[in-house]
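Participant: Input structure: protein-v8.txt, which contains compact mmCIF, C-alpha atoms.
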```txt
# COMPACT_ATOMS: atom_id res chain seq x y z
CA MET A 1 0.00 0.00 0.00
CA MET A 2 2.91 2.31 0.82
CA GLY A 3 4.45 1.55 -2.56
CA LEU A 4 1.24 2.42 -4.33
CA PHE A 5 1.02 5.65 -2.33
CA CYS A 6 4.54 6.61 -3.38
CA ALA A 7 3.80 5.66 -7.00
CA LEU A 8 0.82 8.03 -6.95
CA VAL A 9 2.95 10.85 -5.53
CA ALA A 10 5.62 10.12 -8.15
CA ARG A 11 3.01 10.27 -10.92
CA ASP A 12 1.88 13.69 -9.72
CA LEU A 13 5.45 14.95 -9.49
CA ARG A 14 6.07 13.75 -13.02
CA LEU A 15 2.93 15.55 -14.18
CA ALA A 16 4.05 18.72 -12.38
CA LEU A 17 7.42 18.46 -14.08
CA ARG A 18 5.81 18.17 -17.52
CA HIS A 19 3.67 21.23 -16.78
CA GLY A 20 6.57 23.28 -15.51
CA ALA A 21 4.90 26.62 -16.25
CA ASP A 22 1.90 25.78 -14.04
CA THR A 23 4.19 24.70 -11.24
CA LEU A 24 6.40 27.78 -11.43
CA GLY A 25 3.34 30.02 -11.63
CA ALA A 26 2.67 29.88 -7.91
CA VAL A 27 6.27 30.76 -7.02
CA LEU A 28 6.40 33.64 -9.48
CA PHE A 29 3.10 34.93 -8.13
CA PHE A 30 4.59 34.79 -4.62
CA ILE A 31 7.67 36.75 -5.58
CA LEU A 32 5.76 39.27 -7.67
CA THR A 33 3.14 40.08 -5.04
CA GLY A 34 5.92 40.31 -2.47
CA THR A 35 7.79 42.86 -4.54
CA LEU A 36 4.63 44.94 -5.03
CA PHE A 37 4.55 45.88 -1.34
CA PRO A 38 7.73 48.00 -1.31
CA LEU A 39 6.40 49.77 -4.39
CA ALA A 40 3.04 50.48 -2.76
CA LEU A 41 4.25 51.27 0.77
CA GLY A 42 7.27 53.32 -0.12
CA PRO A 43 10.93 52.49 0.44
CA SER A 44 11.07 53.02 4.21
CA PRO A 45 13.27 50.15 5.51
CA ASP A 46 11.77 50.29 9.00
CA LEU A 47 8.22 49.97 7.77
CA LEU A 48 9.10 47.10 5.42
CA ARG A 49 11.04 45.24 8.09
CA HIS A 50 8.11 45.64 10.42
CA MET A 51 5.62 44.33 7.84
CA ALA A 52 7.82 41.65 6.28
CA PRO A 53 6.51 38.64 8.29
CA GLY A 54 2.94 39.47 7.44
CA ILE A 55 3.69 40.17 3.80
CA ILE A 56 5.58 36.91 3.33
CA TRP A 57 2.94 34.84 5.06
CA VAL A 58 -0.04 36.35 3.27
CA CYS A 59 1.67 36.11 -0.12
CA ALA A 60 2.68 32.50 0.50
CA LEU A 61 -0.86 31.65 1.52
CA LEU A 62 -2.40 33.20 -1.57
CA ALA A 63 0.23 31.68 -3.87
CA ALA A 64 -0.37 28.19 -2.48
CA LEU A 65 -4.10 28.59 -3.21
CA LEU A 66 -3.48 29.04 -6.95
CA PRO A 67 -2.84 25.40 -7.95
CA LEU A 68 -5.41 23.98 -5.52
CA ASP A 69 -8.25 24.47 -7.94
CA ARG A 70 -6.69 22.01 -10.38
CA LEU A 71 -5.46 19.59 -7.72
CA PHE A 72 -8.52 17.37 -7.97
CA GLY A 73 -10.42 19.29 -10.66
CA ALA A 74 -8.22 18.03 -13.48
CA GLU A 75 -8.58 14.46 -12.22
CA LEU A 76 -12.35 14.73 -12.05
CA GLU A 77 -12.69 16.21 -15.52
CA ASP A 78 -10.77 13.56 -17.43
CA GLY A 79 -12.18 10.64 -15.47
CA SER A 80 -8.89 9.87 -13.73
CA LEU A 81 -10.48 10.32 -10.32
CA ASP A 82 -12.64 7.23 -10.90
CA GLN A 83 -9.54 5.23 -11.71
CA LEU A 84 -7.62 6.59 -8.71
CA LEU A 85 -10.46 5.62 -6.38
CA LEU A 86 -10.44 2.13 -7.91
CA LEU A 87 -6.71 1.67 -7.28
CA GLY A 88 -7.48 -0.17 -4.07
CA LEU A 89 -6.19 2.64 -1.87
CA PRO A 90 -8.56 4.15 0.70
CA PRO A 91 -9.84 7.52 -0.62
CA SER A 92 -8.17 9.34 2.26
CA LEU A 93 -4.77 8.00 1.15
CA VAL A 94 -5.47 9.01 -2.46
CA ALA A 95 -6.22 12.50 -1.14
CA LEU A 96 -3.12 12.49 1.08
CA ALA A 97 -0.93 11.48 -1.86
CA LYS A 98 -2.27 14.36 -3.96
CA ILE A 99 -1.82 16.73 -0.99
CA THR A 100 1.77 15.53 -0.53
CA ALA A 101 2.45 16.18 -4.20
CA HIS A 102 0.92 19.65 -3.85
CA TRP A 103 3.20 20.40 -0.93
CA LEU A 104 6.28 19.15 -2.75
CA THR A 105 5.51 21.15 -5.89
CA THR A 106 4.17 24.31 -4.24
CA GLY A 107 5.15 24.39 -0.56
CA VAL A 108 8.81 23.57 -0.99
CA PRO A 109 9.46 26.06 -3.83
CA LEU A 110 7.65 28.76 -1.81
CA LEU A 111 9.88 27.94 1.13
CA LEU A 112 12.96 28.46 -1.01
CA ALA A 113 11.60 31.64 -2.59
CA ALA A 114 10.80 33.07 0.84
CA VAL A 115 14.51 33.54 1.60
CA PRO A 116 15.30 36.11 -1.11
CA LEU A 117 11.98 37.83 -0.45
CA ALA A 118 12.76 38.10 3.27
CA ILE A 119 16.20 39.52 2.56
CA MET A 120 14.71 41.98 0.09
CA LEU A 121 12.22 43.20 2.70
CA GLY A 122 15.06 43.66 5.18
CA LEU A 123 14.27 40.95 7.72
CA PRO A 124 17.29 40.40 10.01
CA THR A 125 19.11 37.25 8.90
CA SER A 126 18.91 35.95 12.46
CA THR A 127 15.15 35.54 12.05
CA LEU A 128 15.44 33.58 8.78
CA PRO A 129 15.56 30.14 10.46
CA ILE A 130 12.39 30.99 12.41
CA LEU A 131 10.72 32.19 9.21
CA LEU A 132 11.64 28.96 7.40
CA ALA A 133 10.64 26.73 10.32
CA GLY A 134 7.29 28.49 10.52
CA LEU A 135 6.74 28.35 6.78
CA LEU A 136 7.72 24.67 6.71
CA LEU A 137 4.96 23.82 9.18
CA GLY A 138 2.59 26.40 7.73
CA SER A 139 2.93 25.27 4.14
CA MET A 140 2.10 21.71 5.19
CA VAL A 141 -0.98 22.93 7.02
CA LEU A 142 -1.89 24.92 3.94
CA SER A 143 -1.61 21.93 1.64
CA LEU A 144 -3.67 19.78 4.00
CA ILE A 145 -6.45 22.30 4.58
CA GLY A 146 -6.32 23.43 0.98
CA GLY A 147 -6.58 19.86 -0.25
CA MET A 148 -9.55 19.29 2.02
CA GLY A 149 -11.23 22.44 0.72
CA ALA A 150 -10.47 21.51 -2.88
CA SER A 151 -12.08 18.10 -2.51
CA ILE A 152 -15.14 19.56 -0.82
CA VAL A 153 -15.83 22.12 -3.55
CA LEU A 154 -15.04 19.51 -6.22
CA GLY A 155 -17.82 19.38 -8.76
CA ALA A 156 -19.40 22.58 -7.46
CA ARG A 157 -20.30 25.01 -10.22
CA ARG A 158 -18.18 27.93 -8.96
CA GLY A 159 -15.65 25.83 -7.10
CA GLY A 160 -12.79 28.19 -7.92
CA VAL A 161 -14.55 31.08 -6.21
CA LEU A 162 -15.74 29.02 -3.26
CA LEU A 163 -12.35 27.53 -2.53
CA PRO A 164 -10.55 30.61 -1.10
CA LEU A 165 -13.67 31.54 0.86
CA LEU A 166 -13.59 28.11 2.45
CA VAL A 167 -9.85 27.72 2.96
CA LEU A 168 -8.71 31.21 4.03
CA PRO A 169 -10.74 31.38 7.27
CA LEU A 170 -9.58 27.91 8.26
CA ILE A 171 -5.96 28.76 7.67
CA THR A 172 -5.90 31.97 9.77
CA PRO A 173 -4.52 30.27 12.93
CA ALA A 174 -1.44 29.19 10.98
CA LEU A 175 -1.05 32.72 9.64
CA ILE A 176 -1.31 34.26 13.12
CA PHE A 177 1.17 31.91 14.79
CA GLY A 178 3.58 31.88 11.86
CA ALA A 179 3.82 35.66 11.55
CA ALA A 180 3.85 36.10 15.32
CA ALA A 181 6.86 33.76 15.67
CA ILE A 182 8.93 35.93 13.33
CA ASP A 183 7.82 39.08 15.12
CA ALA A 184 8.77 37.58 18.45
CA ALA A 185 12.18 36.54 17.17
CA ARG A 186 12.77 40.02 15.74
CA THR A 187 11.92 41.76 19.03
CA GLY A 188 13.79 39.24 21.16
CA LEU A 189 10.74 37.57 22.71
CA PRO A 190 10.44 33.75 22.96
CA TRP A 191 9.27 32.44 19.62
CA ALA A 192 9.02 28.75 20.48
CA PRO A 193 5.40 28.83 21.76
CA ASP A 194 4.14 30.18 18.45
CA LEU A 195 5.91 27.48 16.48
CA GLU A 196 4.70 24.84 18.91
CA LEU A 197 1.12 25.95 18.42
CA LEU A 198 1.68 25.84 14.68
CA GLY A 199 3.04 22.31 15.09
CA ALA A 200 -0.02 21.34 17.11
CA PHE A 201 -2.24 22.71 14.35
CA LEU A 202 -0.35 20.59 11.83
CA ALA A 203 -0.60 17.52 14.07
CA ALA A 204 -4.38 17.91 14.11
CA ALA A 205 -4.58 18.54 10.36
CA ILE A 206 -2.52 15.49 9.31
CA PRO A 207 -5.08 12.86 10.32
CA LEU A 208 -8.26 14.93 9.95
CA CYS A 209 -7.83 16.69 6.59
CA PRO A 210 -7.16 13.56 4.48
CA LEU A 211 -10.19 11.87 6.02
CA ALA A 212 -12.42 14.80 5.10
CA ALA A 213 -10.78 15.09 1.68
CA GLY A 214 -11.33 11.38 1.02
CA ALA A 215 -15.01 11.73 1.84
CA GLY A 216 -15.13 14.73 -0.49
CA LEU A 217 -13.61 12.70 -3.33
CA ARG A 218 -16.11 9.89 -2.81
CA ALA A 219 -18.96 12.38 -2.89
CA ALA A 220 -17.58 14.04 -6.02
CA VAL A 221 -17.68 10.88 -8.14
CA GLU A 222 -21.14 9.83 -6.93
CA MET B 1 -18.37 -16.46 -8.20
CA ALA B 2 -20.10 -13.14 -7.91
CA GLU B 3 -23.67 -12.94 -6.91
CA SER B 4 -25.22 -9.56 -6.91
CA LEU B 5 -28.76 -8.66 -6.42
CA SER B 6 -29.43 -5.00 -6.56
CA VAL B 7 -32.34 -2.66 -6.38
CA PHE B 8 -31.48 0.98 -6.63
CA ARG B 9 -32.46 4.42 -7.73
CA GLY B 10 -30.59 7.49 -8.86
CA ASP B 11 -31.76 11.02 -8.09
CA ARG B 12 -34.46 10.77 -10.68
CA LEU B 13 -35.12 7.10 -10.38
CA VAL B 14 -32.71 6.20 -13.14
CA LEU B 15 -32.68 2.58 -12.12
CA ASP B 16 -35.73 1.12 -10.54
CA ASP B 17 -35.69 -2.32 -8.99
CA VAL B 18 -32.95 -3.76 -11.19
CA SER B 19 -31.67 -7.19 -10.29
CA LEU B 20 -28.88 -9.23 -11.82
CA THR B 21 -26.67 -12.18 -11.02
CA LEU B 22 -23.34 -13.06 -12.56
CA GLU B 23 -21.64 -16.42 -12.27
CA ARG B 24 -17.94 -17.16 -12.79
CA GLY B 25 -17.01 -16.67 -16.43
CA GLY B 26 -20.27 -14.90 -17.14
CA ALA B 27 -20.82 -11.86 -19.30
CA LEU B 28 -23.64 -9.41 -19.40
CA LEU B 29 -24.33 -6.85 -22.09
CA LEU B 30 -26.33 -3.84 -20.99
CA THR B 31 -28.39 -2.32 -23.74
CA GLY B 32 -30.99 0.40 -23.68
CA PRO B 33 -31.81 3.88 -24.94
CA ASN B 34 -29.91 7.04 -23.92
CA GLY B 35 -30.37 7.82 -20.28
CA ALA B 36 -31.57 4.36 -19.41
CA GLY B 37 -28.99 4.25 -16.66
CA LYS B 38 -26.46 1.86 -18.19
CA SER B 39 -23.46 3.90 -17.12
CA THR B 40 -25.00 4.59 -13.74
CA LEU B 41 -25.44 0.88 -13.18
CA LEU B 42 -21.81 0.26 -14.08
CA ARG B 43 -20.69 2.90 -11.60
CA VAL B 44 -22.81 1.29 -8.92
CA LEU B 45 -21.30 -2.10 -9.72
CA ALA B 46 -17.83 -0.53 -9.51
CA GLY B 47 -18.64 0.82 -6.06
CA LEU B 48 -18.10 4.38 -7.24
CA ARG B 49 -21.70 5.23 -6.61
CA ARG B 50 -23.77 4.11 -3.69
CA PRO B 51 -27.15 2.58 -4.55
CA ASP B 52 -29.98 4.45 -2.92
CA GLY B 53 -31.93 1.27 -2.38
CA GLY B 54 -31.23 -2.39 -2.58
CA ALA B 55 -27.98 -4.22 -2.05
CA LEU B 56 -24.92 -5.19 -4.01
CA LEU B 57 -23.39 -8.49 -2.96
CA TRP B 58 -20.08 -10.14 -3.82
CA ASP B 59 -19.85 -13.76 -2.72
CA GLY B 60 -22.70 -13.00 -0.37
CA GLU B 61 -20.90 -10.05 1.25
CA PRO B 62 -22.34 -6.55 0.88
CA VAL B 63 -20.00 -4.45 -1.26
CA THR B 64 -20.92 -1.13 0.35
CA GLN B 65 -19.37 -2.20 3.66
CA ASP B 66 -15.85 -2.02 2.26
CA ARG B 67 -15.73 -0.21 -1.04
CA THR B 68 -11.93 -0.04 -1.03
CA ALA B 69 -11.70 -3.83 -0.95
CA HIS B 70 -14.26 -4.01 -3.75
CA ALA B 71 -12.19 -1.58 -5.82
CA ALA B 72 -9.40 -4.16 -6.03
CA ARG B 73 -11.83 -6.63 -7.63
CA VAL B 74 -12.95 -4.19 -10.32
CA ALA B 75 -11.46 -3.00 -13.58
CA TYR B 76 -13.55 -0.10 -14.82
CA LEU B 77 -13.49 1.45 -18.26
CA GLY B 78 -15.51 4.64 -18.21
CA HIS B 79 -16.56 6.59 -21.25
CA GLN B 80 -13.62 8.89 -20.62
CA ASP B 81 -10.22 7.38 -21.27
CA ALA B 82 -8.67 9.06 -18.18
CA LEU B 83 -5.25 9.61 -19.75
CA LYS B 84 -2.88 12.46 -18.98
CA PRO B 85 -1.89 14.06 -22.31
CA SER B 86 1.63 14.94 -21.20
CA LEU B 87 2.54 11.45 -19.98
CA THR B 88 3.56 8.65 -22.30
CA VAL B 89 1.40 5.57 -22.69
CA ARG B 90 3.69 3.64 -20.40
CA GLU B 91 3.80 6.38 -17.77
CA ASN B 92 0.02 6.66 -17.86
CA LEU B 93 -0.32 2.98 -17.12
CA ALA B 94 2.58 2.56 -14.68
CA LEU B 95 0.52 3.39 -11.59
CA PHE B 96 -2.16 0.89 -12.54
CA ALA B 97 0.36 -1.83 -13.38
CA ARG B 98 1.69 -1.35 -9.88
CA ALA B 99 -1.78 -1.50 -8.33
CA GLY B 100 -2.97 -4.56 -10.22
CA GLY B 101 0.33 -6.32 -10.66
CA GLY B 102 -0.22 -6.98 -14.36
CA ASP B 103 2.55 -7.26 -16.91
CA MET B 104 2.85 -3.98 -18.80
CA ASP B 105 4.33 -5.38 -22.04
CA ALA B 106 1.81 -8.19 -22.21
CA ALA B 107 -1.08 -5.77 -21.69
CA LEU B 108 0.24 -3.35 -24.31
CA ASN B 109 0.81 -6.21 -26.70
CA ALA B 110 -2.74 -7.46 -26.19
CA VAL B 111 -4.10 -4.15 -27.47
CA ASP B 112 -1.35 -3.79 -30.10
CA LEU B 113 0.18 -0.65 -28.57
CA LEU B 114 3.69 -1.84 -27.79
CA HIS B 115 5.19 0.21 -30.61
CA LEU B 116 3.52 3.39 -29.31
CA ALA B 117 4.38 2.84 -25.64
CA SER B 118 6.80 5.76 -25.35
CA LEU B 119 4.58 8.24 -27.17
CA PRO B 120 2.85 11.00 -25.16
CA ALA B 121 -0.87 10.33 -24.90
CA ARG B 122 -1.73 13.68 -26.50
CA LEU B 123 -0.32 12.39 -29.81
CA LEU B 124 -2.58 9.34 -29.84
CA SER B 125 -5.74 9.08 -31.91
CA ALA B 126 -9.08 8.53 -30.21
CA GLY B 127 -8.97 4.82 -30.94
CA GLN B 128 -5.41 4.48 -29.67
CA LYS B 129 -6.40 6.27 -26.46
CA ARG B 130 -9.27 3.86 -26.08
CA ARG B 131 -6.88 0.95 -26.52
CA THR B 132 -4.61 2.43 -23.84
CA ALA B 133 -7.59 2.58 -21.51
CA LEU B 134 -8.31 -1.05 -22.37
CA ALA B 135 -4.71 -1.93 -21.49
CA ARG B 136 -5.40 -0.44 -18.07
CA VAL B 137 -8.33 -2.84 -17.68
CA LEU B 138 -6.00 -5.74 -18.49
CA LEU B 139 -3.36 -4.49 -16.04
CA ALA B 140 -5.80 -4.37 -13.16
CA GLN B 141 -6.00 -8.18 -13.19
CA ALA B 142 -9.38 -7.88 -11.56
CA PRO B 143 -12.06 -10.55 -11.74
CA LEU B 144 -14.83 -8.12 -12.66
CA TRP B 145 -14.55 -6.04 -15.83
CA LEU B 146 -16.96 -3.14 -16.19
CA LEU B 147 -16.76 -1.76 -19.70
CA ASP B 148 -18.70 1.35 -20.66
CA GLU B 149 -18.96 1.24 -24.45
CA PRO B 150 -15.59 -0.43 -24.88
CA SER B 151 -15.70 -0.36 -28.67
CA LEU B 152 -16.04 3.43 -28.89
CA GLY B 153 -13.62 4.68 -31.54
CA LEU B 154 -12.01 1.30 -32.14
CA ASP B 155 -11.36 -0.02 -35.63
CA ALA B 156 -12.35 -3.52 -36.68
CA ALA B 157 -8.97 -5.04 -35.79
CA ALA B 158 -9.03 -3.48 -32.35
CA VAL B 159 -12.58 -4.68 -31.77
CA GLU B 160 -11.33 -8.17 -32.56
CA LEU B 161 -8.51 -7.75 -30.03
CA LEU B 162 -11.08 -6.60 -27.50
CA GLY B 163 -13.15 -9.70 -28.22
CA GLN B 164 -10.09 -11.90 -27.73
CA ALA B 165 -9.21 -10.17 -24.46
CA ILE B 166 -12.73 -10.64 -23.17
CA ALA B 167 -12.78 -14.29 -24.23
CA THR B 168 -9.46 -14.93 -22.45
CA HIS B 169 -10.67 -13.13 -19.35
CA ARG B 170 -13.86 -15.18 -19.28
CA ALA B 171 -11.99 -18.42 -19.89
CA GLN B 172 -10.05 -17.68 -16.70
CA GLY B 173 -13.32 -17.32 -14.83
CA GLY B 174 -13.57 -13.54 -15.08
CA LEU B 175 -16.80 -11.60 -15.24
CA VAL B 176 -17.66 -8.97 -17.81
CA VAL B 177 -20.42 -6.39 -17.75
CA ALA B 178 -20.44 -4.15 -20.80
CA THR B 179 -22.77 -1.44 -22.03
CA THR B 180 -23.46 -0.22 -25.48
CA HIS B 181 -25.04 3.05 -26.43
CA VAL B 182 -27.05 1.80 -29.33
CA PRO B 183 -27.97 -1.87 -29.38
CA LEU B 184 -24.89 -3.54 -30.90
CA PRO B 185 -25.29 -4.57 -34.55
CA LEU B 186 -25.94 -8.27 -34.54
CA GLY B 187 -23.10 -8.94 -36.97
CA GLU B 188 -20.68 -7.35 -34.58
CA VAL B 189 -22.02 -9.37 -31.70
CA SER B 190 -21.40 -12.65 -33.38
CA HIS B 191 -18.05 -11.33 -34.56
CA LEU B 192 -16.99 -10.63 -30.99
CA ALA B 193 -17.95 -14.21 -30.16
CA LEU B 194 -19.50 -13.45 -26.82
CA PRO B 195 -22.20 -16.07 -26.44
CA GLY B 196 -25.29 -15.36 -24.44
CA MET B 197 -24.54 -11.72 -24.02
CA PRO B 198 -27.82 -9.84 -24.29
CA ASP B 199 -29.36 -11.23 -21.19
CA GLN B 200 -32.83 -9.99 -21.89
CA SER B 201 -34.48 -12.86 -20.05
CA ARG B 202 -33.46 -11.11 -16.82
CA GLY B 203 -35.69 -8.20 -17.63
CA TRP B 204 -33.29 -5.49 -18.72
CA TRP B 205 -35.58 -4.13 -21.32
CA GLY B 206 -38.55 -4.52 -19.06
CA SER B 207 -37.00 -2.42 -16.31
CA ASP B 208 -35.80 0.22 -18.76
CA GLU B 209 -39.27 0.61 -20.13
CA THR B 210 -40.77 1.12 -16.70
CA ASP B 211 -38.13 3.82 -16.12
CA LEU B 212 -39.11 5.65 -19.25
CA THR B 213 -42.80 5.65 -18.47
CA GLY B 214 -41.93 6.81 -14.97
CA ASP B 215 -40.00 9.76 -16.37
CA ALA B 216 -42.79 10.69 -18.72
CA ALA B 217 -45.29 10.73 -15.90
```
Show me the file's structure as structure tokens.
Facilitator:
Amino acid sequence: MMGLFCALVARDLRLALRHGADTLGAVLFFILTGTLFPLALGPSPDLLRHMAPGIIWVCALLAALLPLDRLFGAELEDGSLDQLLLLGLPPSLVALAKITAHWLTTGVPLLLAAVPLAIMLGLPTSTLPILLAGLLLGSMVLSLIGGMGASIVLGARRGGVLLPLLVLPLITPALIFGAAAIDAARTGLPWAPDLELLGAFLAAAIPLCPLAAGAGLRAAVE
Amino acid sequence: MAESLSVFRGDRLVLDDVSLTLERGGALLLTGPNGAGKSTLLRVLAGLRRPDGGALLWDGEPVTQDRTAHAARVAYLGHQDALKPSLTVRENLALFARAGGGDMDAALNAVDLLHLASLPARLLSAGQKRRTALARVLLAQAPLWLLDEPSLGLDAAAVELLGQAIATHRAQGGLVVATTHVPLPLGEVSHLALPGMPDQSRGWWGSDETDLTGDAA
């Protein structure tokens, strides 16, 4: 079963590789929106440094939403979802495999792109590890909750519009803790509690989101 | 081998009180007008759709209790070919070869696609795509084949290959349930050499007709 799970993830990675432009789109969106803030807010280094954690987190969140629409939508449209559900894997594992692939193709590149963006916005380099640790946990939470949302709106007429409305409120705790951890590190306060809460959020999402997503997939093919 | 007795309805009573039983090596051809619920019935048999009434049994066990276990017994060919255009034929099938444990080259050879195996699916013709989807059915190595209009887009030679594949599958004790949009031309039926296919004695046409009158009323 584990082998089949990995084969499904590998298939999605291969697909992402073949559609390189789609995969890069999210990262480019992240970098572009991030660079718009200095242009809109003015070049005051203090202001930018102060806002950097929030800017990075919000941009990462929005960028990760972009490919979610197609995560299951493409599979449903060409009939592949039927075949995936007939693989003999429980639907929750099918969903988890797709979510894992989403994280590997969107979360990890965003993580890497966050470093130059943080430096550009003037975040002290000492806070970079905290930023990356927070984004590592946060991007996983995002993929899990996003995948759950994507499977729930699957087959809905305006699924693309519904999806952010469903996912963004659910993801706010991750946003709050993630940005707060960087702020705490910057001002010299203890940042560990924020990251621990983020980790707890992830620990709850790992078992629950695939279950809900699996049920969503079942309902979508009915 | 498989005994299923089912009575179910879709949202608009697509299938009303339909019952069928399949024995080892048996085949069943579903015929009926558009919207008679042939595809719906196949999806119910595959466990993709839950019947709203009645029961689906496999060896006396209700299928709906463990639909994941039932999925391993089913090879389903929908009316979509479910291929990713950017992947090659082989890459498209790799996941399913892994799941079913079938031999990729043998399956490709059975549908005469071995020479196209490294071609991206977007370059295939409609019939070649259909043959790739048929190769996936072979790879699943499942006892129950559910084929939704399997001959769609196939040329005469490919239809013959399909007939051979079905005959081999049945000789090994496999079950086949197939639909056809229009009633299959009789010549083609005898050509496929699938004896006793249109199982009208079980009341397929009868139940379809009651559906239609129900819709009209």
Participant: What is the distance between CA of Ser139 (chain A) and CA of Gly107 (chain A), in Å to one decimal?
Facilitator: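 Pair CA of Ser139 (chain A) / CA of Gly107 (chain A) returns 5.3 Å.
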Participant: I need the residue nearest Leu198 (chain A) from this list: A:Arg158, A:Gly138, A:Val167, A:Ala185. Use all atoms listed in the file for the distance.
Facilitator: A:Gly138
Participant: Determine, counting all atoms listed in the file, which protein, DNA and RNA residues have an atom within 7 Å of an atom of Leu147 (chain B); residues of the same chain fewer than 4 positions away are not included. Present the result as a list in words.
Facilitator: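 Counting all atoms listed in the file, the residues come to Tyr76, Leu77, Gly78, Val177, Ala178 and Thr179 of chain B.
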Participant: Quick one: which residues from chain A are at most 9 Å off chain B, using only C-alpha atoms, as a PyMOL selection string?
Facilitator: chain A and resi 1+3-4+7-8+11+14-15+18-19+75+77-91+218-219+221-222
Participant: What would the list of residues within 9 Å of (-9.8, 9.3, -26.6) (file frame) look like as a VMD selection string, if all atoms listed in the file are what count?
Facilitator: chain B and resid 80 to 83 124 to 131 133 152 to 153
Participant: Okay, now the selection with C-alpha atoms, as a PDB file, in the frame of the given file?
Facilitator:
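Here's the written file selection-v1.pdb:
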```pdb
ATOM      1  CA  GLN B  80     -13.620   8.890 -20.620  1.00  0.00           C
ATOM      2  CA  ASP B  81     -10.220   7.380 -21.270  1.00  0.00           C
ATOM      3  CA  ALA B  82      -8.670   9.060 -18.180  1.00  0.00           C
ATOM      4  CA  LEU B  83      -5.250   9.610 -19.750  1.00  0.00           C
ATOM      5  CA  LEU B 124      -2.580   9.340 -29.840  1.00  0.00           C
ATOM      6  CA  SER B 125      -5.740   9.080 -31.910  1.00  0.00           C
ATOM      7  CA  ALA B 126      -9.080   8.530 -30.210  1.00  0.00           C
ATOM      8  CA  GLY B 127      -8.970   4.820 -30.940  1.00  0.00           C
ATOM      9  CA  GLN B 128      -5.410   4.480 -29.670  1.00  0.00           C
ATOM     10  CA  LYS B 129      -6.400   6.270 -26.460  1.00  0.00           C
ATOM     11  CA  ARG B 130      -9.270   3.860 -26.080  1.00  0.00           C
ATOM     12  CA  ARG B 131      -6.880   0.950 -26.520  1.00  0.00           C
ATOM     13  CA  ALA B 133      -7.590   2.580 -21.510  1.00  0.00           C
ATOM     14  CA  LEU B 152     -16.040   3.430 -28.890  1.00  0.00           C
ATOM     15  CA  GLY B 153     -13.620   4.680 -31.540  1.00  0.00           C
TER      16      GLY B 153
END
```
Participant: Between CA of Gly147 (chain A) and CA of Cys209 (chain A), what is the distance in Å, rounded to a tenth?
Facilitator: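 Separation between CA of Gly147 (chain A) and CA of Cys209 (chain A): 7.6 Å.
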Participant: Within 12 Å of Ala165 (chain B), counting all atoms listed in the file, which residues qualify if same-chain residues fewer than 4 places away don't, as number ranges by chain?
Facilitator: B: 106-112, 131, 134-135, 137-139, 141, 145, 150, 158-161, 169-172, 174, 176, 192-194
Participant: Keeping only C-alpha atoms, write the selected residues to a file as a PDB file, keeping the file's coordinate frame.
Facilitator:
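Saved as part10.pdb:
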```pdb
ATOM      1  CA  ALA B 106       1.810  -8.190 -22.210  1.00  0.00           C
ATOM      2  CA  ALA B 107      -1.080  -5.770 -21.690  1.00  0.00           C
ATOM      3  CA  LEU B 108       0.240  -3.350 -24.310  1.00  0.00           C
ATOM      4  CA  ASN B 109       0.810  -6.210 -26.700  1.00  0.00           C
ATOM      5  CA  ALA B 110      -2.740  -7.460 -26.190  1.00  0.00           C
ATOM      6  CA  VAL B 111      -4.100  -4.150 -27.470  1.00  0.00           C
ATOM      7  CA  ASP B 112      -1.350  -3.790 -30.100  1.00  0.00           C
ATOM      8  CA  ARG B 131      -6.880   0.950 -26.520  1.00  0.00           C
ATOM      9  CA  LEU B 134      -8.310  -1.050 -22.370  1.00  0.00           C
ATOM     10  CA  ALA B 135      -4.710  -1.930 -21.490  1.00  0.00           C
ATOM     11  CA  VAL B 137      -8.330  -2.840 -17.680  1.00  0.00           C
ATOM     12  CA  LEU B 138      -6.000  -5.740 -18.490  1.00  0.00           C
ATOM     13  CA  LEU B 139      -3.360  -4.490 -16.040  1.00  0.00           C
ATOM     14  CA  GLN B 141      -6.000  -8.180 -13.190  1.00  0.00           C
ATOM     15  CA  TRP B 145     -14.550  -6.040 -15.830  1.00  0.00           C
ATOM     16  CA  PRO B 150     -15.590  -0.430 -24.880  1.00  0.00           C
ATOM     17  CA  ALA B 158      -9.030  -3.480 -32.350  1.00  0.00           C
ATOM     18  CA  VAL B 159     -12.580  -4.680 -31.770  1.00  0.00           C
ATOM     19  CA  GLU B 160     -11.330  -8.170 -32.560  1.00  0.00           C
ATOM     20  CA  LEU B 161      -8.510  -7.750 -30.030  1.00  0.00           C
ATOM     21  CA  HIS B 169     -10.670 -13.130 -19.350  1.00  0.00           C
ATOM     22  CA  ARG B 170     -13.860 -15.180 -19.280  1.00  0.00           C
ATOM     23  CA  ALA B 171     -11.990 -18.420 -19.890  1.00  0.00           C
ATOM     24  CA  GLN B 172     -10.050 -17.680 -16.700  1.00  0.00           C
ATOM     25  CA  GLY B 174     -13.570 -13.540 -15.080  1.00  0.00           C
ATOM     26  CA  VAL B 176     -17.660  -8.970 -17.810  1.00  0.00           C
ATOM     27  CA  LEU B 192     -16.990 -10.630 -30.990  1.00  0.00           C
ATOM     28  CA  ALA B 193     -17.950 -14.210 -30.160  1.00  0.00           C
ATOM     29  CA  LEU B 194     -19.500 -13.450 -26.820  1.00  0.00           C
TER      30      LEU B 194
END
```
Participant: What is the CA of Asp52 (chain B) to CA of Gly216 (chain A) distance in Å?
Facilitator: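 CA of Gly216 (chain A) lies at a distance of 18.2 Å from CA of Asp52 (chain B).
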Participant: Tell me which protein, DNA and RNA residues are within 12 Å of Leu96 (chain A), counting all atoms listed in the file, leaving out same-chain ones fewer than 2 positions away, and put them as a PyMOL selection string.
Facilitator: chain A and resi 2+5-6+8-9+12+71-72+89-94+98-103+140+143-148+151+205-215+217
